[in-house]
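data13.cif (mmCIF, C-alpha atoms)
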```cif
data_coords
loop_
_atom_site.label_atom_id
_atom_site.label_comp_id
_atom_site.auth_asym_id
_atom_site.auth_seq_id
_atom_site.Cartn_x
_atom_site.Cartn_y
_atom_site.Cartn_z
CA MET A 1 -16.67 137.94 -140.43
CA ILE A 2 -20.24 137.05 -141.31
CA ASN A 3 -21.88 135.83 -144.51
CA ARG A 4 -24.92 137.60 -145.92
CA GLY A 5 -27.00 136.96 -149.04
CA PHE A 6 -28.13 139.49 -151.65
CA ARG A 7 -30.72 138.39 -154.20
CA TYR A 8 -31.55 140.18 -157.45
CA LYS A 9 -33.77 139.45 -160.42
CA LEU A 10 -31.81 139.02 -163.65
CA ILE A 11 -32.91 140.42 -167.01
CA PRO A 12 -31.21 138.07 -169.53
CA THR A 13 -31.44 138.38 -173.30
CA GLN A 14 -33.03 135.58 -175.32
CA GLU A 15 -29.60 134.12 -176.07
CA GLN A 16 -28.55 134.32 -172.42
CA ASN A 17 -31.80 132.65 -171.36
CA SER A 18 -30.95 129.70 -173.62
CA LEU A 19 -27.47 129.51 -172.07
CA PHE A 20 -29.00 129.57 -168.58
CA LEU A 21 -31.20 126.60 -169.49
CA GLN A 22 -28.20 124.78 -170.98
CA PHE A 23 -26.04 125.38 -167.89
CA SER A 24 -28.76 124.26 -165.47
CA GLY A 25 -29.56 121.18 -167.58
CA VAL A 26 -25.94 119.99 -167.79
CA CYS A 27 -25.34 120.62 -164.07
CA ARG A 28 -28.51 118.69 -163.25
CA LEU A 29 -27.32 115.80 -165.45
CA ILE A 30 -23.88 115.75 -163.79
CA TYR A 31 -25.51 115.69 -160.35
CA ASN A 32 -27.87 112.82 -161.27
CA LEU A 33 -25.12 110.75 -162.93
CA ALA A 34 -22.88 111.18 -159.90
CA LEU A 35 -25.77 110.22 -157.60
CA GLU A 36 -26.44 107.07 -159.64
CA GLN A 37 -22.74 106.19 -159.54
CA ARG A 38 -22.58 106.55 -155.77
CA ARG A 39 -25.84 104.69 -155.28
CA ASP A 40 -25.34 101.72 -157.64
CA HIS A 41 -21.69 101.42 -158.67
CA TRP A 42 -19.58 102.42 -155.68
CA ARG A 43 -18.63 98.81 -154.81
CA ALA A 44 -17.44 98.09 -158.37
CA TYR A 45 -15.51 101.36 -158.47
CA GLN A 46 -13.67 100.62 -155.21
CA ARG A 47 -12.91 97.04 -156.34
CA ILE A 48 -11.45 98.19 -159.67
CA HIS A 49 -9.63 101.36 -158.61
CA GLU A 50 -8.98 100.44 -154.95
CA LYS A 51 -10.03 103.96 -153.99
CA LYS A 52 -13.10 105.42 -152.33
CA LEU A 53 -15.74 107.04 -154.51
CA ASN A 54 -15.91 110.63 -153.28
CA TYR A 55 -15.90 114.16 -154.66
CA PHE A 56 -12.26 114.06 -155.78
CA ALA A 57 -12.70 110.76 -157.65
CA GLN A 58 -15.81 112.03 -159.43
CA ALA A 59 -14.13 115.36 -160.25
CA ARG A 60 -11.35 113.44 -162.04
CA GLU A 61 -13.94 111.53 -164.04
CA LEU A 62 -15.67 114.83 -164.87
CA THR A 63 -12.45 116.02 -166.53
CA ALA A 64 -12.44 112.95 -168.77
CA LEU A 65 -16.14 113.42 -169.52
CA ARG A 66 -15.56 117.03 -170.61
CA ALA A 67 -12.79 115.90 -172.98
CA GLU A 68 -15.14 113.37 -174.60
CA PHE A 69 -18.32 115.46 -174.99
CA ASP A 70 -18.20 119.01 -176.37
CA TRP A 71 -21.69 119.93 -175.09
CA ILE A 72 -20.52 119.20 -171.54
CA ALA A 73 -17.29 121.16 -172.07
CA ALA A 74 -19.37 124.10 -173.31
CA VAL A 75 -20.58 124.67 -169.75
CA CYS A 76 -18.28 126.31 -167.20
CA GLN A 77 -16.36 123.61 -165.32
CA THR A 78 -16.82 125.38 -162.00
CA CYS A 79 -20.61 125.01 -162.20
CA GLU A 80 -20.27 121.26 -162.79
CA GLN A 81 -17.80 120.91 -159.92
CA GLN A 82 -20.15 122.80 -157.62
CA ALA A 83 -22.92 120.29 -158.50
CA LEU A 84 -20.58 117.48 -157.40
CA ARG A 85 -19.81 119.37 -154.18
CA ASP A 86 -23.55 119.74 -153.51
CA LEU A 87 -23.92 115.96 -153.86
CA ASP A 88 -20.94 115.31 -151.59
CA LYS A 89 -22.42 117.62 -148.95
CA ALA A 90 -25.82 115.90 -149.29
CA PHE A 91 -24.23 112.50 -148.56
CA LYS A 92 -22.32 113.89 -145.58
CA ASN A 93 -25.58 115.29 -144.16
CA PHE A 94 -27.27 111.93 -144.74
CA PHE A 95 -24.59 109.87 -143.01
CA SER A 96 -24.49 112.32 -140.07
CA GLY A 97 -28.28 112.03 -139.66
CA ARG A 98 -29.04 115.67 -140.52
CA SER A 99 -31.10 114.90 -143.64
CA GLY A 100 -32.57 112.10 -145.73
CA TYR A 101 -31.00 110.19 -148.60
CA PRO A 102 -30.15 112.45 -151.59
CA SER A 103 -32.77 112.47 -154.35
CA PRO A 104 -32.31 113.18 -158.08
CA ARG A 105 -32.73 116.73 -159.32
CA LYS A 106 -35.71 117.44 -161.57
CA LYS A 107 -36.26 119.77 -164.49
CA GLY A 108 -38.50 122.68 -163.55
CA VAL A 109 -37.69 122.22 -159.87
CA ASN A 110 -33.88 122.26 -159.61
CA ASP A 111 -32.89 124.67 -162.39
CA THR A 112 -29.79 126.18 -160.81
CA PHE A 113 -26.01 126.49 -161.17
CA ARG A 114 -23.31 128.25 -159.16
CA PHE A 115 -20.09 130.19 -159.81
CA LEU A 116 -17.27 131.06 -157.43
CA GLY A 117 -16.93 134.69 -156.40
CA ARG A 118 -13.49 135.16 -157.97
CA GLU A 119 -14.93 134.33 -161.40
CA VAL A 120 -17.62 137.04 -161.51
CA GLU A 121 -17.51 140.82 -161.78
CA ILE A 122 -20.04 143.53 -160.93
CA LYS A 123 -20.39 146.89 -162.66
CA LYS A 124 -22.89 149.66 -161.99
CA MET A 125 -24.63 150.97 -165.09
CA ASN A 126 -26.67 153.79 -163.50
CA GLY A 127 -28.63 154.54 -160.34
CA LYS A 128 -31.12 151.71 -160.90
CA TRP A 129 -29.34 149.08 -162.97
CA SER A 130 -26.19 147.00 -162.59
CA ALA A 131 -24.70 144.04 -164.47
CA VAL A 132 -22.85 140.88 -163.50
CA TRP A 133 -20.30 139.13 -165.71
CA LEU A 134 -20.72 135.33 -165.69
CA PRO A 135 -18.13 133.03 -167.35
CA LYS A 136 -19.16 131.76 -170.83
CA ILE A 137 -22.38 133.82 -170.57
CA GLY A 138 -21.29 137.44 -170.45
CA TRP A 139 -22.77 140.56 -168.87
CA VAL A 140 -26.29 140.08 -167.50
CA LYS A 141 -28.38 143.03 -166.30
CA PHE A 142 -30.16 143.11 -162.96
CA ARG A 143 -32.15 145.74 -161.06
CA ASN A 144 -30.03 147.24 -158.28
CA THR A 145 -32.73 147.08 -155.58
CA ARG A 146 -30.25 147.10 -152.66
CA SER A 147 -26.59 147.91 -152.23
CA MET A 148 -24.21 144.97 -152.03
CA ARG A 149 -21.57 144.81 -149.31
CA GLY A 150 -18.48 142.73 -148.64
CA LYS A 151 -16.48 140.26 -150.70
CA ILE A 152 -18.40 137.94 -153.05
CA LYS A 153 -17.86 134.27 -152.13
CA ASN A 154 -20.18 132.64 -154.68
CA VAL A 155 -23.11 133.39 -157.00
CA SER A 156 -26.07 131.05 -157.55
CA VAL A 157 -28.33 131.51 -160.57
CA THR A 158 -31.80 130.00 -160.05
CA LEU A 159 -35.01 129.79 -162.08
CA ASP A 160 -38.40 130.08 -160.40
CA SER A 161 -41.90 131.05 -161.51
CA ASN A 162 -40.86 134.73 -161.64
CA GLY A 163 -37.79 134.23 -163.83
CA TRP A 164 -34.05 133.97 -163.27
CA HIS A 165 -32.51 135.30 -160.04
CA ALA A 166 -28.91 135.68 -158.86
CA SER A 167 -28.06 135.15 -155.18
CA PHE A 168 -24.72 136.60 -154.06
CA VAL A 169 -23.17 135.24 -150.85
CA CYS A 170 -20.88 137.96 -149.48
CA GLU A 171 -18.41 137.89 -146.61
CA ILE A 172 -18.70 141.03 -144.51
CA GLU A 173 -16.39 142.29 -141.78
CA HIS A 174 -18.54 142.86 -138.74
CA VAL A 175 -18.04 143.24 -134.99
CA ALA A 176 -21.22 142.79 -132.97
CA PRO A 177 -21.74 145.66 -130.50
CA ALA A 178 -22.62 145.18 -126.85
CA ASN A 179 -26.40 144.86 -126.59
CA ILE A 180 -27.98 146.21 -123.40
CA CYS A 181 -31.58 146.26 -124.66
CA PRO A 182 -34.27 144.48 -122.61
CA SER A 183 -35.51 140.94 -123.17
CA VAL A 184 -38.84 139.88 -124.66
CA GLY A 185 -40.85 136.68 -124.86
CA ILE A 186 -42.74 135.77 -128.03
CA ASP A 187 -45.64 133.36 -128.32
CA ARG A 188 -46.31 131.99 -131.82
CA GLY A 189 -49.88 131.19 -132.78
CA VAL A 190 -52.35 130.82 -135.63
CA ALA A 191 -54.89 133.55 -134.85
CA ASN A 192 -52.02 135.92 -133.98
CA THR A 193 -48.77 134.98 -135.67
CA LEU A 194 -46.62 136.65 -132.98
CA THR A 195 -47.58 137.96 -129.54
CA LEU A 196 -44.92 139.77 -127.54
CA SER A 197 -44.72 139.88 -123.76
CA THR A 198 -45.08 143.66 -124.10
CA GLY A 199 -48.65 143.08 -125.31
CA GLU A 200 -48.04 143.70 -129.03
CA MET A 201 -49.82 141.34 -131.43
CA LEU A 202 -48.56 140.89 -134.98
CA SER A 203 -50.13 138.90 -137.82
CA ILE A 204 -49.10 138.09 -141.37
CA PRO A 205 -50.57 140.43 -144.03
CA ARG A 206 -54.22 139.97 -144.95
CA SER A 207 -53.30 139.79 -148.62
CA ILE A 208 -51.80 136.32 -148.03
CA TYR A 209 -55.22 134.89 -147.18
CA ILE A 210 -56.76 136.52 -150.27
CA LEU A 211 -54.05 135.01 -152.48
CA GLU A 212 -54.51 131.64 -150.75
CA ARG A 213 -58.17 131.58 -151.82
CA LYS A 214 -57.18 132.48 -155.39
CA ARG A 215 -54.60 129.70 -155.42
CA ARG A 216 -57.13 127.11 -154.23
CA ARG A 217 -59.49 128.14 -157.03
CA VAL A 218 -56.74 127.79 -159.63
CA GLN A 219 -55.72 124.41 -158.18
CA LYS A 220 -59.28 123.19 -158.79
CA ILE A 221 -58.98 124.38 -162.39
CA VAL A 222 -55.72 122.40 -162.74
CA ALA A 223 -57.44 119.26 -161.45
CA ARG A 224 -60.06 119.53 -164.22
CA LYS A 225 -57.55 119.89 -167.06
CA LYS A 226 -56.24 116.98 -169.11
CA ARG A 227 -52.77 115.85 -168.11
CA GLY A 228 -50.10 117.00 -170.55
CA SER A 229 -52.32 119.62 -172.20
CA GLN A 230 -51.19 123.20 -172.75
CA ARG A 231 -54.11 124.50 -170.71
CA ARG A 232 -53.03 122.40 -167.73
CA ILE A 233 -49.46 123.67 -168.07
CA LYS A 234 -50.74 127.26 -168.18
CA ALA A 235 -52.92 126.75 -165.10
CA THR A 236 -50.06 125.05 -163.25
CA ARG A 237 -47.82 128.00 -164.04
CA ARG A 238 -50.47 130.30 -162.56
CA VAL A 239 -50.46 128.26 -159.33
CA SER A 240 -46.67 128.58 -159.15
CA GLN A 241 -46.84 132.34 -159.65
CA LEU A 242 -49.39 132.75 -156.86
CA SER A 243 -47.33 130.54 -154.54
CA ALA A 244 -44.22 132.58 -155.26
CA ARG A 245 -46.09 135.83 -154.60
CA ILE A 246 -47.38 134.51 -151.26
CA THR A 247 -43.85 133.50 -150.32
CA ARG A 248 -42.45 136.93 -151.20
CA ILE A 249 -45.09 138.77 -149.16
CA ARG A 250 -44.58 136.51 -146.15
CA ARG A 251 -40.78 136.74 -146.35
CA ASP A 252 -40.90 140.54 -146.66
CA TRP A 253 -43.11 140.71 -143.56
CA GLN A 254 -40.80 138.37 -141.65
CA HIS A 255 -37.73 140.45 -142.45
CA LYS A 256 -39.38 143.73 -141.43
CA VAL A 257 -40.78 142.37 -138.15
CA ALA A 258 -37.56 140.53 -137.27
CA LEU A 259 -35.49 143.67 -137.91
CA ASN A 260 -37.80 145.75 -135.70
CA ILE A 261 -37.57 143.23 -132.86
CA ALA A 262 -33.78 142.85 -133.20
CA LYS A 263 -33.32 146.63 -132.92
CA ARG A 264 -35.49 146.93 -129.79
CA PHE A 265 -34.52 143.87 -127.75
CA GLY A 266 -31.27 142.25 -126.69
CA ALA A 267 -32.61 138.77 -125.99
CA VAL A 268 -35.64 137.08 -127.54
CA VAL A 269 -37.15 133.99 -125.93
CA LEU A 270 -39.10 131.54 -128.09
CA GLU A 271 -40.69 128.17 -127.46
CA ASP A 272 -38.68 125.22 -128.75
CA LEU A 273 -41.43 123.91 -131.04
CA ASN A 274 -41.15 120.75 -133.13
CA ILE A 275 -43.04 122.17 -136.11
CA LYS A 276 -42.55 119.02 -138.21
CA ASN A 277 -44.39 116.88 -135.67
CA MET A 278 -47.02 119.56 -135.08
CA THR A 279 -47.95 119.56 -138.79
CA ALA A 280 -47.88 115.77 -139.25
CA SER A 281 -50.89 114.17 -140.94
CA ALA A 282 -53.60 112.65 -138.75
CA LYS A 283 -55.05 110.23 -141.31
CA GLY A 284 -53.28 107.24 -139.73
CA THR A 285 -53.24 103.80 -141.41
CA LEU A 286 -55.79 101.37 -142.85
CA THR A 287 -55.81 99.34 -139.63
CA ALA A 288 -55.79 102.40 -137.35
CA PRO A 289 -57.39 105.33 -139.20
CA GLY A 290 -57.11 108.76 -137.65
CA ARG A 291 -59.86 110.99 -136.34
CA ASN A 292 -60.78 114.56 -137.33
CA VAL A 293 -58.47 114.25 -140.32
CA ARG A 294 -59.91 117.21 -142.26
CA GLN A 295 -59.81 119.48 -139.20
CA LYS A 296 -56.18 118.51 -138.52
CA ALA A 297 -55.29 119.12 -142.17
CA GLY A 298 -56.76 122.63 -141.91
CA LEU A 299 -54.76 123.30 -138.73
CA ASN A 300 -51.57 122.04 -140.38
CA ARG A 301 -52.16 124.36 -143.34
CA SER A 302 -52.70 127.32 -141.02
CA ILE A 303 -49.51 126.60 -139.05
CA ARG A 304 -47.40 126.32 -142.19
CA ASN A 305 -48.96 129.51 -143.52
CA GLN A 306 -47.67 131.49 -140.52
CA GLY A 307 -44.03 130.72 -141.36
CA TRP A 308 -42.87 130.09 -137.76
CA GLY A 309 -39.65 128.33 -138.74
CA GLY A 310 -38.62 130.89 -141.34
CA PHE A 311 -39.21 133.75 -138.93
CA GLU A 312 -37.03 132.08 -136.28
CA THR A 313 -34.18 131.64 -138.77
CA ILE A 314 -34.33 135.27 -139.92
CA LEU A 315 -34.61 136.60 -136.37
CA ALA A 316 -31.59 134.55 -135.23
CA TYR A 317 -29.12 136.10 -137.66
CA LYS A 318 -30.50 139.62 -137.26
CA LEU A 319 -30.05 139.36 -133.49
CA GLU A 320 -26.56 137.92 -133.87
CA GLU A 321 -25.60 140.82 -136.13
CA ARG A 322 -26.61 143.31 -133.42
CA GLY A 323 -25.11 141.47 -130.45
CA GLY A 324 -28.41 139.95 -129.33
CA THR A 325 -29.29 136.33 -128.57
CA LEU A 326 -32.15 133.98 -129.42
CA ILE A 327 -33.11 131.60 -126.63
CA SER A 328 -35.35 128.51 -126.87
CA ILE A 329 -37.22 127.19 -123.84
CA ASP A 330 -39.41 124.20 -123.01
CA PRO A 331 -42.96 125.00 -124.24
CA ALA A 332 -44.75 122.72 -121.75
CA TYR A 333 -47.76 124.36 -120.04
CA THR A 334 -46.89 127.94 -121.08
CA SER A 335 -50.46 128.47 -122.30
CA GLN A 336 -52.03 126.91 -119.17
CA THR A 337 -50.00 128.75 -116.54
CA CYS A 338 -51.16 131.97 -114.93
CA SER A 339 -48.47 134.62 -115.32
CA GLU A 340 -49.74 136.38 -112.18
CA CYS A 341 -49.87 133.62 -109.55
CA GLY A 342 -48.27 130.62 -111.26
CA THR A 343 -51.24 128.24 -111.19
CA VAL A 344 -51.15 125.60 -113.93
CA ASP A 345 -54.73 124.74 -114.83
CA SER A 346 -55.98 123.78 -118.28
CA MET A 347 -59.49 124.98 -117.36
CA SER A 348 -58.21 128.57 -117.04
CA ARG A 349 -57.84 128.71 -120.83
CA GLU A 350 -61.49 129.51 -121.45
CA SER A 351 -61.12 130.07 -125.21
CA GLN A 352 -58.54 130.68 -127.87
CA ALA A 353 -58.31 134.35 -126.91
CA LEU A 354 -59.20 134.47 -123.20
CA PHE A 355 -57.22 133.30 -120.19
CA SER A 356 -59.02 133.58 -116.84
CA CYS A 357 -57.20 132.15 -113.83
CA ARG A 358 -59.55 130.13 -111.63
CA HIS A 359 -57.28 130.69 -108.63
CA CYS A 360 -56.51 134.42 -108.49
CA GLY A 361 -59.02 135.78 -111.02
CA PHE A 362 -56.32 137.24 -113.32
CA ARG A 363 -57.68 137.84 -116.83
CA ALA A 364 -55.69 138.55 -119.99
CA HIS A 365 -55.41 137.63 -123.62
CA ALA A 366 -54.27 134.00 -123.71
CA ASP A 367 -51.37 134.66 -126.12
CA HIS A 368 -50.13 137.62 -124.07
CA ASN A 369 -50.25 135.53 -120.89
CA ALA A 370 -48.26 132.78 -122.63
CA ALA A 371 -45.65 135.27 -123.90
CA ILE A 372 -45.05 136.51 -120.34
CA ASN A 373 -44.57 132.92 -119.17
CA ILE A 374 -42.14 132.28 -122.01
CA LEU A 375 -40.06 135.31 -121.02
CA ARG A 376 -40.03 134.30 -117.35
CA ARG A 377 -38.98 130.74 -118.11
CA ASN A 378 -35.74 132.09 -119.55
CA THR A 379 -34.55 133.36 -116.16
CA ALA A 380 -35.99 130.88 -113.66
CA SER A 381 -37.95 127.69 -113.45
CA MET A 382 -41.65 128.40 -113.63
CA ARG A 383 -42.24 125.56 -111.17
CA THR A 384 -40.10 127.05 -108.38
CA GLU A 385 -39.71 130.80 -109.02
CA GLU A 386 -40.09 132.82 -105.80
CA GLY A 387 -41.95 129.97 -104.14
CA ARG A 388 -45.18 131.00 -105.85
CA TRP A 389 -45.91 127.69 -107.58
CA LEU A 390 -48.78 125.67 -106.23
CA SER A 391 -49.27 122.03 -105.32
CA ASP A 392 -49.74 119.28 -107.90
CA GLU A 393 -53.46 119.14 -107.15
CA VAL A 394 -53.93 122.78 -108.09
CA ARG A 395 -51.49 122.79 -111.01
CA THR A 396 -53.18 119.88 -112.74
CA GLY A 397 -56.67 121.23 -112.19
CA ARG A 398 -57.79 118.25 -110.12
CA MET A 399 -58.72 120.59 -107.25
CA ALA A 400 -61.26 123.27 -108.17
CA ILE A 401 -60.71 126.55 -106.34
CA HIS A 402 -63.53 128.97 -105.70
CA PRO A 403 -63.63 132.30 -103.86
CA GLU A 404 -65.76 130.69 -101.17
CA ASN A 405 -63.19 127.95 -100.60
CA PRO A 406 -61.39 128.67 -97.29
CA LEU A 407 -58.26 127.01 -98.64
CA ALA A 408 -57.98 129.52 -101.48
CA GLY A 409 -56.27 132.15 -99.35
CA ALA A 410 -53.84 129.66 -97.85
CA LEU A 411 -52.96 128.26 -101.26
CA GLY A 412 -52.43 131.76 -102.60
CA ARG A 413 -49.80 132.39 -99.93
CA CYS A 414 -47.85 129.21 -100.77
#
```

Would you write the structure of this file as structure tokens?
Amino acid sequence: MINRGFRYKLIPTQEQNSLFLQFSGVCRLIYNLALEQRRDHWRAYQRIHEKKLNYFAQARELTALRAEFDWIAAVCQTCEQQALRDLDKAFKNFFSGRSGYPSPRKKGVNDTFRFLGREVEIKKMNGKWSAVWLPKIGWVKFRNTRSMRGKIKNVSVTLDSNGWHASFVCEIEHVAPANICPSVGIDRGVANTLTLSTGEMLSIPRSIYILERKRRRVQKIVARKKRGSQRRIKATRRVSQLSARITRIRRDWQHKVALNIAKRFGAVVLEDLNIKNMTASAKGTLTAPGRNVRQKAGLNRSIRNQGWGGFETILAYKLEERGGTLISIDPAYTSQTCSECGTVDSMSRESQALFSCRHCGFRAHADHNAAINILRRNTASMRTEEGRWLSDEVRTGRMAIHPENPLAGALGRC
């Protein structure tokens, strides 16, 4: 059994839109009140009740709260309970070290609520349209852009700059077939988003860069508007719409490329990159200011724009569904190593695009050379494979090798 998500844009009526806002507002309030209780009053609660303050204790208090306030009882109880479960999960992730301390939910950012799968119903209206029945809301239309499979586990309704969307998490019966396809190494970069060891080079759509320039122009307009004015709100909404469009284009490209790779290859080897550290700010502190801060900020923006992490997540589940595997390897020196003779020399990387080995004369695109090294590192150590790796002097570039050097031939046979 595997879980898969199906996302559709909802077309609510004006009355349903008001109910959506009411549901999300009450669920956000319940979450924030429970967070405040856990943060500030947990000691008093345990002293008075002699019980721990957890999801079950707060769910009992939610029942009493619903009996006291009609506007809270007007919202489906399941949605409010799911908000408490989200908070409980956030605290478990915090105490296990997987995430930071939970933060309050904000209006306009966290407008969402969730139902259980057994509470909803789907009906098909015609070839293009379907409807979902939500408790205390009714039937809501959505465009049937893709067929849904499996048993519905839960449904999340979320508001973004493009309107309300419903995300269905479905449990699907699936047995992964035996995958006998070949392996491939992939190098991730900025000039070329993905470079395969087969020589293919793939980049995110050009339209993303065009929309990025438009977004920067609109952001400058926002900065010139008076805070709280309607014109600033309108310009801010335009920035959100452009950001959402960029995200949709990038995600669509990631899904298509990942599906193509998962169908053609049985094992995909990627570098184990720490993207968070790679995109950290370089401005430093007042006592120790950073250098080349603007250049580093531009590089960080370019790295985030490529969507390396999102692509890896999508590729992982598409490979798993088809019996393939995703493998991560140590990225050290993959771009400085010659895939032909094994020499590790930083001077061989002549430019961003060109790799020219100073030992054997091998020339190739730098990203393609790195992708071959990434693939090879999956099966054997690049430092010892077939006895082809050279001495420390050569690998670190401390010993320049020239065709006239009589030691070049001897080193090449090592």

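In this structure, CA of Arg28 (chain A) sits 27.6 Å away from CA of Arg47 (chain A).
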
Evaluate the PyMOL selection byres ((chain A and resi 309) around 12) here and jot the selected residues down as a list in words.
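Residues picked by the PyMOL selection byres ((chain A and resi 309) around 12): Arg188, Thr193, Arg251, Gln254, Leu270, Glu271, Asp272, Leu273, Asn274, Ile275, Lys276, Ile303, Arg304, Asn305, Gln306, Gly307, Trp308, Gly310, Phe311, Glu312, Thr313, Ile314, Leu315 and Ala316 of chain A.
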
Export C-alpha atoms of the chosen residues as a short mmCIF file (atom, residue, chain, number, x, y, z; two decimals), in the frame of the given file?
```cif
data_model
loop_
_atom_site.label_atom_id
_atom_site.label_comp_id
_atom_site.auth_asym_id
_atom_site.auth_seq_id
_atom_site.Cartn_x
_atom_site.Cartn_y
_atom_site.Cartn_z
CA ARG A 188 -46.31 131.99 -131.82
CA THR A 193 -48.77 134.98 -135.67
CA ARG A 251 -40.78 136.74 -146.35
CA GLN A 254 -40.80 138.37 -141.65
CA LEU A 270 -39.10 131.54 -128.09
CA GLU A 271 -40.69 128.17 -127.46
CA ASP A 272 -38.68 125.22 -128.75
CA LEU A 273 -41.43 123.91 -131.04
CA ASN A 274 -41.15 120.75 -133.13
CA ILE A 275 -43.04 122.17 -136.11
CA LYS A 276 -42.55 119.02 -138.21
CA ILE A 303 -49.51 126.60 -139.05
CA ARG A 304 -47.40 126.32 -142.19
CA ASN A 305 -48.96 129.51 -143.52
CA GLN A 306 -47.67 131.49 -140.52
CA GLY A 307 -44.03 130.72 -141.36
CA TRP A 308 -42.87 130.09 -137.76
CA GLY A 310 -38.62 130.89 -141.34
CA PHE A 311 -39.21 133.75 -138.93
CA GLU A 312 -37.03 132.08 -136.28
CA THR A 313 -34.18 131.64 -138.77
CA ILE A 314 -34.33 135.27 -139.92
CA LEU A 315 -34.61 136.60 -136.37
CA ALA A 316 -31.59 134.55 -135.23
#
```

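For the file at hand, the PyMOL selection byres ((chain A and resi 250) around 8) resolves to Ile204, Pro205, Ile208, Ile246, Thr247, Arg248, Ile249, Arg251, Asp252, Trp253, Gln254 and Gly307 of chain A.
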
File of the preceding selection, C-alpha atoms, as a tab-separated table (two decimals), in the frame of the given file:
```tsv
chain	number	residue	atom	x	y	z
A	204	ILE	CA	-49.10	138.09	-141.37
A	205	PRO	CA	-50.57	140.43	-144.03
A	208	ILE	CA	-51.80	136.32	-148.03
A	246	ILE	CA	-47.38	134.51	-151.26
A	247	THR	CA	-43.85	133.50	-150.32
A	248	ARG	CA	-42.45	136.93	-151.20
A	249	ILE	CA	-45.09	138.77	-149.16
A	251	ARG	CA	-40.78	136.74	-146.35
A	252	ASP	CA	-40.90	140.54	-146.66
A	253	TRP	CA	-43.11	140.71	-143.56
A	254	GLN	CA	-40.80	138.37	-141.65
A	307	GLY	CA	-44.03	130.72	-141.36
```

How would you write, as a tab-separated table (two decimals) with C-alpha atoms, in the frame of the given file, the residues chosen by the PyMOL selection byres ((chain A and resi 180-187) around 8) on this structure?
```tsv
chain	number	residue	atom	x	y	z
A	178	ALA	CA	-22.62	145.18	-126.85
A	179	ASN	CA	-26.40	144.86	-126.59
A	188	ARG	CA	-46.31	131.99	-131.82
A	189	GLY	CA	-49.88	131.19	-132.78
A	194	LEU	CA	-46.62	136.65	-132.98
A	195	THR	CA	-47.58	137.96	-129.54
A	196	LEU	CA	-44.92	139.77	-127.54
A	197	SER	CA	-44.72	139.88	-123.76
A	198	THR	CA	-45.08	143.66	-124.10
A	264	ARG	CA	-35.49	146.93	-129.79
A	265	PHE	CA	-34.52	143.87	-127.75
A	266	GLY	CA	-31.27	142.25	-126.69
A	267	ALA	CA	-32.61	138.77	-125.99
A	268	VAL	CA	-35.64	137.08	-127.54
A	269	VAL	CA	-37.15	133.99	-125.93
A	270	LEU	CA	-39.10	131.54	-128.09
A	271	GLU	CA	-40.69	128.17	-127.46
A	367	ASP	CA	-51.37	134.66	-126.12
A	368	HIS	CA	-50.13	137.62	-124.07
A	370	ALA	CA	-48.26	132.78	-122.63
A	371	ALA	CA	-45.65	135.27	-123.90
A	372	ILE	CA	-45.05	136.51	-120.34
A	373	ASN	CA	-44.57	132.92	-119.17
A	374	ILE	CA	-42.14	132.28	-122.01
A	375	LEU	CA	-40.06	135.31	-121.02
A	376	ARG	CA	-40.03	134.30	-117.35
```

Applying 12 Å and all atoms listed in the file, which residues near Arg232 (chain A) remain after dropping the ones on its own chain fewer than 4 positions away? List them as an NGL selection string.
:A and (218-228 or 236-239)

Take the residues from that selection and write them out as an mmCIF file, in the coordinates of the input, keeping C-alpha atoms.
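Output saved as part_6.cif:
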```
data_model
loop_
_atom_site.group_PDB
_atom_site.id
_atom_site.type_symbol
_atom_site.label_atom_id
_atom_site.label_comp_id
_atom_site.auth_asym_id
_atom_site.auth_seq_id
_atom_site.Cartn_x
_atom_site.Cartn_y
_atom_site.Cartn_z
ATOM 1 C CA VAL A 218 -56.740 127.790 -159.630
ATOM 2 C CA GLN A 219 -55.720 124.410 -158.180
ATOM 3 C CA LYS A 220 -59.280 123.190 -158.790
ATOM 4 C CA ILE A 221 -58.980 124.380 -162.390
ATOM 5 C CA VAL A 222 -55.720 122.400 -162.740
ATOM 6 C CA ALA A 223 -57.440 119.260 -161.450
ATOM 7 C CA ARG A 224 -60.060 119.530 -164.220
ATOM 8 C CA LYS A 225 -57.550 119.890 -167.060
ATOM 9 C CA LYS A 226 -56.240 116.980 -169.110
ATOM 10 C CA ARG A 227 -52.770 115.850 -168.110
ATOM 11 C CA GLY A 228 -50.100 117.000 -170.550
ATOM 12 C CA THR A 236 -50.060 125.050 -163.250
ATOM 13 C CA ARG A 237 -47.820 128.000 -164.040
ATOM 14 C CA ARG A 238 -50.470 130.300 -162.560
ATOM 15 C CA VAL A 239 -50.460 128.260 -159.330
#
```

Can you tell me which residues surround region 65-74 of chain A at a distance of at most 10 Å, considering only C-alpha atoms, apart from same-chain residues fewer than 4 positions away, and format the answer as a PyMOL selection string?
chain A and resi 19+22-23+26-27+29-30+59-61+80+136

Give me the residues within 12 Å of Asp86 (chain A) as an MDAnalysis selection string, counting all atoms listed in the file and dropping any in the same chain fewer than 5 places off.
chainID A and resid 27:28 30:32 34:35 54:55 79:81 91:93 102:105 112:114

Hey, what's within 12 Å of region 121-135 of chain A if we count all atoms listed in the file and toss same-chain stuff fewer than 2 positions away? As a ChimeraX atom specification, please?
/A:8-12,16,19-20,23,74-79,113-119,137-149,151-157,165-168
